[in-house]
file entry-v1.pdb (PDB, N, CA and C atoms)
MODEL        1
ATOM      1  N   MET A   1       0.835  -1.186   0.000  1.00  0.00           N
ATOM      2  CA  MET A   1       0.000   0.000   0.000  1.00  0.00           C
ATOM      3  C   MET A   1       0.878   1.247   0.000  1.00  0.00           C
ATOM      4  N   VAL A   2       0.553   2.191  -0.844  1.00  0.00           N
ATOM      5  CA  VAL A   2       1.313   3.431  -0.985  1.00  0.00           C
ATOM      6  C   VAL A   2       0.737   4.471  -0.027  1.00  0.00           C
ATOM      7  N   GLU A   3       1.590   5.031   0.825  1.00  0.00           N
ATOM      8  CA  GLU A   3       1.145   6.028   1.799  1.00  0.00           C
ATOM      9  C   GLU A   3       0.777   7.340   1.127  1.00  0.00           C
ATOM     10  N   SER A   4      -0.154   8.025   1.722  1.00  0.00           N
ATOM     11  CA  SER A   4      -0.570   9.337   1.243  1.00  0.00           C
ATOM     12  C   SER A   4       0.575  10.334   1.441  1.00  0.00           C
ATOM     13  N   PRO A   5       0.762  11.252   0.498  1.00  0.00           N
ATOM     14  CA  PRO A   5       1.789  12.278   0.657  1.00  0.00           C
ATOM     15  C   PRO A   5       1.327  13.444   1.533  1.00  0.00           C
ATOM     16  N   CYS A   6       0.120  13.355   2.088  1.00  0.00           N
ATOM     17  CA  CYS A   6      -0.444  14.443   2.894  1.00  0.00           C
ATOM     18  C   CYS A   6       0.486  14.791   4.052  1.00  0.00           C
ATOM     19  N   LYS A   7       0.719  16.086   4.230  1.00  0.00           N
ATOM     20  CA  LYS A   7       1.578  16.569   5.308  1.00  0.00           C
ATOM     21  C   LYS A   7       0.774  17.331   6.355  1.00  0.00           C
ATOM     22  N   LYS A   8      -0.560  17.274   6.226  1.00  0.00           N
ATOM     23  CA  LYS A   8      -1.472  17.966   7.142  1.00  0.00           C
ATOM     24  C   LYS A   8      -1.261  19.481   7.102  1.00  0.00           C
ATOM     25  N   LEU A   9      -0.861  19.987   5.933  1.00  0.00           N
ATOM     26  CA  LEU A   9      -0.678  21.422   5.697  1.00  0.00           C
ATOM     27  C   LEU A   9      -1.544  21.836   4.513  1.00  0.00           C
ATOM     28  N   CYS A  10      -2.778  21.414   4.526  1.00  0.00           N
ATOM     29  CA  CYS A  10      -3.661  21.574   3.368  1.00  0.00           C
ATOM     30  C   CYS A  10      -4.015  23.029   3.104  1.00  0.00           C
ATOM     31  N   ALA A  11      -3.735  23.457   1.892  1.00  0.00           N
ATOM     32  CA  ALA A  11      -4.122  24.785   1.411  1.00  0.00           C
ATOM     33  C   ALA A  11      -4.089  24.731  -0.104  1.00  0.00           C
ATOM     34  N   LEU A  12      -5.247  24.868  -0.726  1.00  0.00           N
ATOM     35  CA  LEU A  12      -5.316  24.828  -2.185  1.00  0.00           C
ATOM     36  C   LEU A  12      -5.058  26.211  -2.756  1.00  0.00           C
ATOM     37  N   ASN A  13      -4.226  26.270  -3.792  1.00  0.00           N
ATOM     38  CA  ASN A  13      -3.966  27.542  -4.461  1.00  0.00           C
ATOM     39  C   ASN A  13      -5.016  27.775  -5.544  1.00  0.00           C
ATOM     40  N   SER A  14      -4.847  28.819  -6.330  1.00  0.00           N
ATOM     41  CA  SER A  14      -5.839  29.165  -7.357  1.00  0.00           C
ATOM     42  C   SER A  14      -5.949  28.105  -8.454  1.00  0.00           C
ATOM     43  N   ALA A  15      -4.947  27.243  -8.582  1.00  0.00           N
ATOM     44  CA  ALA A  15      -4.977  26.156  -9.565  1.00  0.00           C
ATOM     45  C   ALA A  15      -5.489  24.852  -8.939  1.00  0.00           C
ATOM     46  N   ASP A  16      -6.011  24.930  -7.705  1.00  0.00           N
ATOM     47  CA  ASP A  16      -6.506  23.759  -6.968  1.00  0.00           C
ATOM     48  C   ASP A  16      -5.418  22.732  -6.698  1.00  0.00           C
ATOM     49  N   ILE A  17      -4.206  23.212  -6.419  1.00  0.00           N
ATOM     50  CA  ILE A  17      -3.088  22.344  -6.046  1.00  0.00           C
ATOM     51  C   ILE A  17      -2.763  22.612  -4.582  1.00  0.00           C
ATOM     52  N   CYS A  18      -2.659  21.548  -3.797  1.00  0.00           N
ATOM     53  CA  CYS A  18      -2.355  21.682  -2.378  1.00  0.00           C
ATOM     54  C   CYS A  18      -0.889  22.084  -2.195  1.00  0.00           C
ATOM     55  N   SER A  19      -0.672  23.147  -1.443  1.00  0.00           N
ATOM     56  CA  SER A  19       0.703  23.604  -1.215  1.00  0.00           C
ATOM     57  C   SER A  19       1.432  22.718  -0.206  1.00  0.00           C
ATOM     58  N   GLY A  20       0.726  21.834   0.469  1.00  0.00           N
ATOM     59  CA  GLY A  20       1.359  20.914   1.405  1.00  0.00           C
ATOM     60  C   GLY A  20       1.882  19.655   0.743  1.00  0.00           C
ATOM     61  N   CYS A  21       1.053  19.051  -0.126  1.00  0.00           N
ATOM     62  CA  CYS A  21       1.440  17.762  -0.722  1.00  0.00           C
ATOM     63  C   CYS A  21       1.615  17.804  -2.235  1.00  0.00           C
ATOM     64  N   GLY A  22       1.103  18.831  -2.894  1.00  0.00           N
ATOM     65  CA  GLY A  22       1.267  18.949  -4.340  1.00  0.00           C
ATOM     66  C   GLY A  22       0.206  18.260  -5.173  1.00  0.00           C
ATOM     67  N   ARG A  23      -0.770  17.619  -4.511  1.00  0.00           N
ATOM     68  CA  ARG A  23      -1.830  16.963  -5.268  1.00  0.00           C
ATOM     69  C   ARG A  23      -2.924  17.961  -5.635  1.00  0.00           C
ATOM     70  N   THR A  24      -3.663  17.623  -6.689  1.00  0.00           N
ATOM     71  CA  THR A  24      -4.809  18.440  -7.066  1.00  0.00           C
ATOM     72  C   THR A  24      -5.999  18.062  -6.183  1.00  0.00           C
ATOM     73  N   ARG A  25      -7.013  18.924  -6.202  1.00  0.00           N
ATOM     74  CA  ARG A  25      -8.236  18.641  -5.441  1.00  0.00           C
ATOM     75  C   ARG A  25      -8.813  17.280  -5.859  1.00  0.00           C
ATOM     76  N   GLU A  26      -8.825  17.028  -7.163  1.00  0.00           N
ATOM     77  CA  GLU A  26      -9.367  15.775  -7.686  1.00  0.00           C
ATOM     78  C   GLU A  26      -8.549  14.573  -7.203  1.00  0.00           C
ATOM     79  N   GLU A  27      -7.222  14.693  -7.224  1.00  0.00           N
ATOM     80  CA  GLU A  27      -6.363  13.591  -6.777  1.00  0.00           C
ATOM     81  C   GLU A  27      -6.562  13.302  -5.292  1.00  0.00           C
ATOM     82  N   ILE A  28      -6.724  14.347  -4.507  1.00  0.00           N
ATOM     83  CA  ILE A  28      -6.962  14.168  -3.070  1.00  0.00           C
ATOM     84  C   ILE A  28      -8.274  13.416  -2.863  1.00  0.00           C
ATOM     85  N   GLY A  29      -9.308  13.837  -3.572  1.00  0.00           N
ATOM     86  CA  GLY A  29     -10.615  13.206  -3.440  1.00  0.00           C
ATOM     87  C   GLY A  29     -10.655  11.767  -3.910  1.00  0.00           C
ATOM     88  N   ASN A  30      -9.844  11.434  -4.891  1.00  0.00           N
ATOM     89  CA  ASN A  30      -9.841  10.082  -5.464  1.00  0.00           C
ATOM     90  C   ASN A  30      -8.813   9.149  -4.836  1.00  0.00           C
ATOM     91  N   TRP A  31      -7.983   9.645  -3.934  1.00  0.00           N
ATOM     92  CA  TRP A  31      -6.860   8.886  -3.396  1.00  0.00           C
ATOM     93  C   TRP A  31      -7.265   7.501  -2.875  1.00  0.00           C
ATOM     94  N   MET A  32      -8.319   7.425  -2.097  1.00  0.00           N
ATOM     95  CA  MET A  32      -8.711   6.154  -1.480  1.00  0.00           C
ATOM     96  C   MET A  32      -9.164   5.122  -2.513  1.00  0.00           C
ATOM     97  N   MET A  33      -9.595   5.563  -3.681  1.00  0.00           N
ATOM     98  CA  MET A  33     -10.071   4.640  -4.715  1.00  0.00           C
ATOM     99  C   MET A  33      -8.983   4.260  -5.719  1.00  0.00           C
ATOM    100  N   MET A  34      -7.809   4.882  -5.630  1.00  0.00           N
ATOM    101  CA  MET A  34      -6.735   4.637  -6.598  1.00  0.00           C
ATOM    102  C   MET A  34      -6.011   3.331  -6.316  1.00  0.00           C
ATOM    103  N   SER A  35      -5.514   2.733  -7.386  1.00  0.00           N
ATOM    104  CA  SER A  35      -4.632   1.570  -7.256  1.00  0.00           C
ATOM    105  C   SER A  35      -3.270   2.059  -6.771  1.00  0.00           C
ATOM    106  N   ASP A  36      -2.438   1.136  -6.317  1.00  0.00           N
ATOM    107  CA  ASP A  36      -1.087   1.521  -5.908  1.00  0.00           C
ATOM    108  C   ASP A  36      -0.330   2.164  -7.064  1.00  0.00           C
ATOM    109  N   GLU A  37      -0.523   1.647  -8.271  1.00  0.00           N
ATOM    110  CA  GLU A  37       0.153   2.218  -9.441  1.00  0.00           C
ATOM    111  C   GLU A  37      -0.298   3.664  -9.662  1.00  0.00           C
ATOM    112  N   GLY A  38      -1.582   3.896  -9.506  1.00  0.00           N
ATOM    113  CA  GLY A  38      -2.112   5.250  -9.646  1.00  0.00           C
ATOM    114  C   GLY A  38      -1.568   6.178  -8.580  1.00  0.00           C
ATOM    115  N   ARG A  39      -1.456   5.679  -7.361  1.00  0.00           N
ATOM    116  CA  ARG A  39      -0.923   6.487  -6.263  1.00  0.00           C
ATOM    117  C   ARG A  39       0.541   6.843  -6.499  1.00  0.00           C
ATOM    118  N   VAL A  40       1.317   5.889  -6.977  1.00  0.00           N
ATOM    119  CA  VAL A  40       2.730   6.160  -7.272  1.00  0.00           C
ATOM    120  C   VAL A  40       2.831   7.242  -8.347  1.00  0.00           C
ATOM    121  N   ARG A  41       2.002   7.136  -9.373  1.00  0.00           N
ATOM    122  CA  ARG A  41       2.005   8.127 -10.454  1.00  0.00           C
ATOM    123  C   ARG A  41       1.647   9.512  -9.909  1.00  0.00           C
ATOM    124  N   VAL A  42       0.616   9.580  -9.075  1.00  0.00           N
ATOM    125  CA  VAL A  42       0.185  10.856  -8.506  1.00  0.00           C
ATOM    126  C   VAL A  42       1.266  11.432  -7.596  1.00  0.00           C
ATOM    127  N   LYS A  43       1.920  10.592  -6.803  1.00  0.00           N
ATOM    128  CA  LYS A  43       2.978  11.089  -5.922  1.00  0.00           C
ATOM    129  C   LYS A  43       4.123  11.703  -6.724  1.00  0.00           C
ATOM    130  N   LYS A  44       4.479  11.087  -7.845  1.00  0.00           N
ATOM    131  CA  LYS A  44       5.547  11.633  -8.692  1.00  0.00           C
ATOM    132  C   LYS A  44       5.130  12.974  -9.288  1.00  0.00           C
ATOM    133  N   LEU A  45       3.891  13.048  -9.765  1.00  0.00           N
ATOM    134  CA  LEU A  45       3.385  14.316 -10.306  1.00  0.00           C
ATOM    135  C   LEU A  45       3.363  15.390  -9.219  1.00  0.00           C
ATOM    136  N   ALA A  46       2.928  15.011  -8.028  1.00  0.00           N
ATOM    137  CA  ALA A  46       2.840  15.957  -6.918  1.00  0.00           C
ATOM    138  C   ALA A  46       4.223  16.489  -6.531  1.00  0.00           C
ATOM    139  N   GLU A  47       5.221  15.622  -6.530  1.00  0.00           N
ATOM    140  CA  GLU A  47       6.590  16.054  -6.220  1.00  0.00           C
ATOM    141  C   GLU A  47       7.066  17.092  -7.229  1.00  0.00           C
ATOM    142  N   ARG A  48       6.761  16.864  -8.509  1.00  0.00           N
ATOM    143  CA  ARG A  48       7.149  17.826  -9.548  1.00  0.00           C
ATOM    144  C   ARG A  48       6.416  19.151  -9.363  1.00  0.00           C
ATOM    145  N   ARG A  49       5.141  19.070  -9.015  1.00  0.00           N
ATOM    146  CA  ARG A  49       4.375  20.303  -8.795  1.00  0.00           C
ATOM    147  C   ARG A  49       4.951  21.100  -7.630  1.00  0.00           C
ATOM    148  N   LEU A  50       5.277  20.418  -6.537  1.00  0.00           N
ATOM    149  CA  LEU A  50       5.840  21.114  -5.379  1.00  0.00           C
ATOM    150  C   LEU A  50       7.175  21.765  -5.721  1.00  0.00           C
ATOM    151  N   ALA A  51       7.986  21.079  -6.499  1.00  0.00           N
ATOM    152  CA  ALA A  51       9.273  21.647  -6.911  1.00  0.00           C
ATOM    153  C   ALA A  51       9.055  22.903  -7.746  1.00  0.00           C
ATOM    154  N   ALA A  52       8.038  22.883  -8.602  1.00  0.00           N
ATOM    155  CA  ALA A  52       7.738  24.049  -9.435  1.00  0.00           C
ATOM    156  C   ALA A  52       7.160  25.188  -8.603  1.00  0.00           C
ATOM    157  N   LEU A  53       6.430  24.857  -7.542  1.00  0.00           N
ATOM    158  CA  LEU A  53       5.828  25.879  -6.683  1.00  0.00           C
ATOM    159  C   LEU A  53       6.821  26.468  -5.689  1.00  0.00           C
ATOM    160  N   ALA A  54       7.883  25.751  -5.384  1.00  0.00           N
ATOM    161  CA  ALA A  54       8.821  26.158  -4.339  1.00  0.00           C
ATOM    162  C   ALA A  54       9.305  27.598  -4.469  1.00  0.00           C
ATOM    163  N   PRO A  55       9.687  28.074  -5.660  1.00  0.00           N
ATOM    164  CA  PRO A  55      10.149  29.467  -5.753  1.00  0.00           C
ATOM    165  C   PRO A  55       9.053  30.486  -5.436  1.00  0.00           C
ATOM    166  N   GLN A  56       7.796  30.102  -5.532  1.00  0.00           N
ATOM    167  CA  GLN A  56       6.678  31.006  -5.283  1.00  0.00           C
ATOM    168  C   GLN A  56       6.208  30.969  -3.832  1.00  0.00           C
ATOM    169  N   MET A  57       6.658  29.980  -3.070  1.00  0.00           N
ATOM    170  CA  MET A  57       6.181  29.800  -1.706  1.00  0.00           C
ATOM    171  C   MET A  57       6.855  30.796  -0.771  1.00  0.00           C
ATOM    172  N   PRO A  58       6.077  31.394   0.132  1.00  0.00           N
ATOM    173  CA  PRO A  58       6.682  32.303   1.106  1.00  0.00           C
ATOM    174  C   PRO A  58       7.555  31.518   2.076  1.00  0.00           C
ATOM    175  N   THR A  59       8.601  32.146   2.537  1.00  0.00           N
ATOM    176  CA  THR A  59       9.476  31.507   3.515  1.00  0.00           C
ATOM    177  C   THR A  59       9.422  32.307   4.808  1.00  0.00           C
ATOM    178  N   ILE A  60       9.778  31.659   5.890  1.00  0.00           N
ATOM    179  CA  ILE A  60       9.799  32.319   7.191  1.00  0.00           C
ATOM    180  C   ILE A  60      11.251  32.541   7.575  1.00  0.00           C
ATOM    181  N   ASP A  61      11.585  33.774   7.855  1.00  0.00           N
ATOM    182  CA  ASP A  61      12.919  34.107   8.325  1.00  0.00           C
ATOM    183  C   ASP A  61      12.949  33.783   9.813  1.00  0.00           C
ATOM    184  N   SER A  62      13.657  32.721  10.188  1.00  0.00           N
ATOM    185  CA  SER A  62      13.633  32.267  11.576  1.00  0.00           C
ATOM    186  C   SER A  62      14.191  33.316  12.531  1.00  0.00           C
ATOM    187  N   LYS A  63      15.147  34.124  12.090  1.00  0.00           N
ATOM    188  CA  LYS A  63      15.689  35.175  12.953  1.00  0.00           C
ATOM    189  C   LYS A  63      14.635  36.244  13.214  1.00  0.00           C
ATOM    190  N   ALA A  64      13.908  36.632  12.172  1.00  0.00           N
ATOM    191  CA  ALA A  64      12.870  37.652  12.322  1.00  0.00           C
ATOM    192  C   ALA A  64      11.711  37.119  13.155  1.00  0.00           C
ATOM    193  N   ALA A  65      11.413  35.846  13.023  1.00  0.00           N
ATOM    194  CA  ALA A  65      10.293  35.257  13.753  1.00  0.00           C
ATOM    195  C   ALA A  65      10.556  35.221  15.254  1.00  0.00           C
ATOM    196  N   HIS A  66      11.824  35.174  15.639  1.00  0.00           N
ATOM    197  CA  HIS A  66      12.174  35.094  17.054  1.00  0.00           C
ATOM    198  C   HIS A  66      12.649  36.426  17.616  1.00  0.00           C
ATOM    199  N   ALA A  67      12.557  37.481  16.840  1.00  0.00           N
ATOM    200  CA  ALA A  67      13.036  38.802  17.299  1.00  0.00           C
ATOM    201  C   ALA A  67      12.048  39.444  18.237  1.00  0.00           C
TER     202      ALA A  67
ENDMDL
END
call {"tool": "encode", "arguments": {"input": "entry-v1.pdb", "output": "structure tokens"}}
result
Amino acid sequence: MVESPCKKLCALNSADICSGCGRTREEIGNWMMMSDEGRVRVKKLAERRLAALAPQMPTIDSKAAHA
């Protein structure tokens, strides 16, 4: 069984892609019904989406956060 990539940081952007795991709204909804092969495919797509989103994601300056 392929584990869900969910990181419990769910937030869908304007393209309906979760900024926590990289899956689309549809992929999240269909996850429980997918075969292991389908889940592996979705996880690979999600990883690519997250990599593409990374430059757009806000970062937290740890020094400023503790000032």
call {"tool": "atom_distance", "arguments": {"input": "entry-v1.pdb", "atom1": "atom N of Val2 of chain A", "atom2": "atom CA of Asp16 of chain A"}}
result
23.5 Å
call {"tool": "residues_around", "arguments": {"input": "entry-v1.pdb", "residues": "Glu26 of chain A", "least_positions_apart": "4", "cutoff": "10 Å", "atoms": "only C-alpha atoms", "output": "PyMOL selection string"}}
result
chain A and resi 16-17+30-31
call {"tool": "resolve_selection", "arguments": {"input": "entry-v1.pdb", "expression": "the PyMOL selection byres ((chain A and resi 6) around 8)", "output": "compact mmCIF listing (two decimals) with N, CA and C atoms, in the coordinates of the input"}}
result
# COMPACT_ATOMS: atom_id res chain seq x y z
N GLU A 3 1.59 5.03 0.82
CA GLU A 3 1.14 6.03 1.80
C GLU A 3 0.78 7.34 1.13
N SER A 4 -0.15 8.02 1.72
CA SER A 4 -0.57 9.34 1.24
C SER A 4 0.57 10.33 1.44
N PRO A 5 0.76 11.25 0.50
CA PRO A 5 1.79 12.28 0.66
C PRO A 5 1.33 13.44 1.53
N LYS A 7 0.72 16.09 4.23
CA LYS A 7 1.58 16.57 5.31
C LYS A 7 0.77 17.33 6.36
N LYS A 8 -0.56 17.27 6.23
CA LYS A 8 -1.47 17.97 7.14
C LYS A 8 -1.26 19.48 7.10
N LEU A 9 -0.86 19.99 5.93
CA LEU A 9 -0.68 21.42 5.70
C LEU A 9 -1.54 21.84 4.51
N CYS A 10 -2.78 21.41 4.53
CA CYS A 10 -3.66 21.57 3.37
C CYS A 10 -4.01 23.03 3.10
N GLY A 20 0.73 21.83 0.47
CA GLY A 20 1.36 20.91 1.40
C GLY A 20 1.88 19.66 0.74
N CYS A 21 1.05 19.05 -0.13
CA CYS A 21 1.44 17.76 -0.72
C CYS A 21 1.62 17.80 -2.24
N GLY A 22 1.10 18.83 -2.89
CA GLY A 22 1.27 18.95 -4.34
C GLY A 22 0.21 18.26 -5.17
N ARG A 23 -0.77 17.62 -4.51
CA ARG A 23 -1.83 16.96 -5.27
C ARG A 23 -2.92 17.96 -5.64
call {"tool": "closest_residue", "arguments": {"input": "entry-v1.pdb", "among": "A:Met1, A:Arg39, A:Ala46, A:Ala51", "to": "Thr24 of chain A", "atoms": "all atoms listed in the file"}}
result
A:Ala46
call {"tool": "atom_distance", "arguments": {"input": "entry-v1.pdb", "atom1": "atom CA of Leu45 of chain A", "atom2": "atom CA of Asn13 of chain A"}}
result
16.2 Å
call {"tool": "select_by_dssp", "arguments": {"input": "entry-v1.pdb", "residues": "segment 3-49 of chain A", "states": "helix (DSSP H, G or I)", "output": "list of chain:residue names"}}
result
A:Arg25, A:Glu26, A:Glu27, A:Ile28, A:Gly29, A:Asn30, A:Trp31, A:Met32, A:Met33, A:Asp36, A:Glu37, A:Gly38, A:Arg39, A:Val40, A:Arg41, A:Val42, A:Lys43, A:Lys44, A:Leu45, A:Ala46, A:Glu47, A:Arg48, A:Arg49
call {"tool": "atom_distance", "arguments": {"input": "entry-v1.pdb", "atom1": "atom N of Arg41 of chain A", "atom2": "atom CA of Glu27 of chain A"}}
result
10.9 Å
call {"tool": "axis_aligned_box", "arguments": {"input": "entry-v1.pdb", "around": "segment 31-43 of chain A", "padding_each_side": "4 Å", "output": "AutoDock Vina command-line options"}}
result
--center_x -3.0 --center_y 6.4 --center_z -6.0 --size_x 22.2 --size_y 18.6 --size_z 17.0
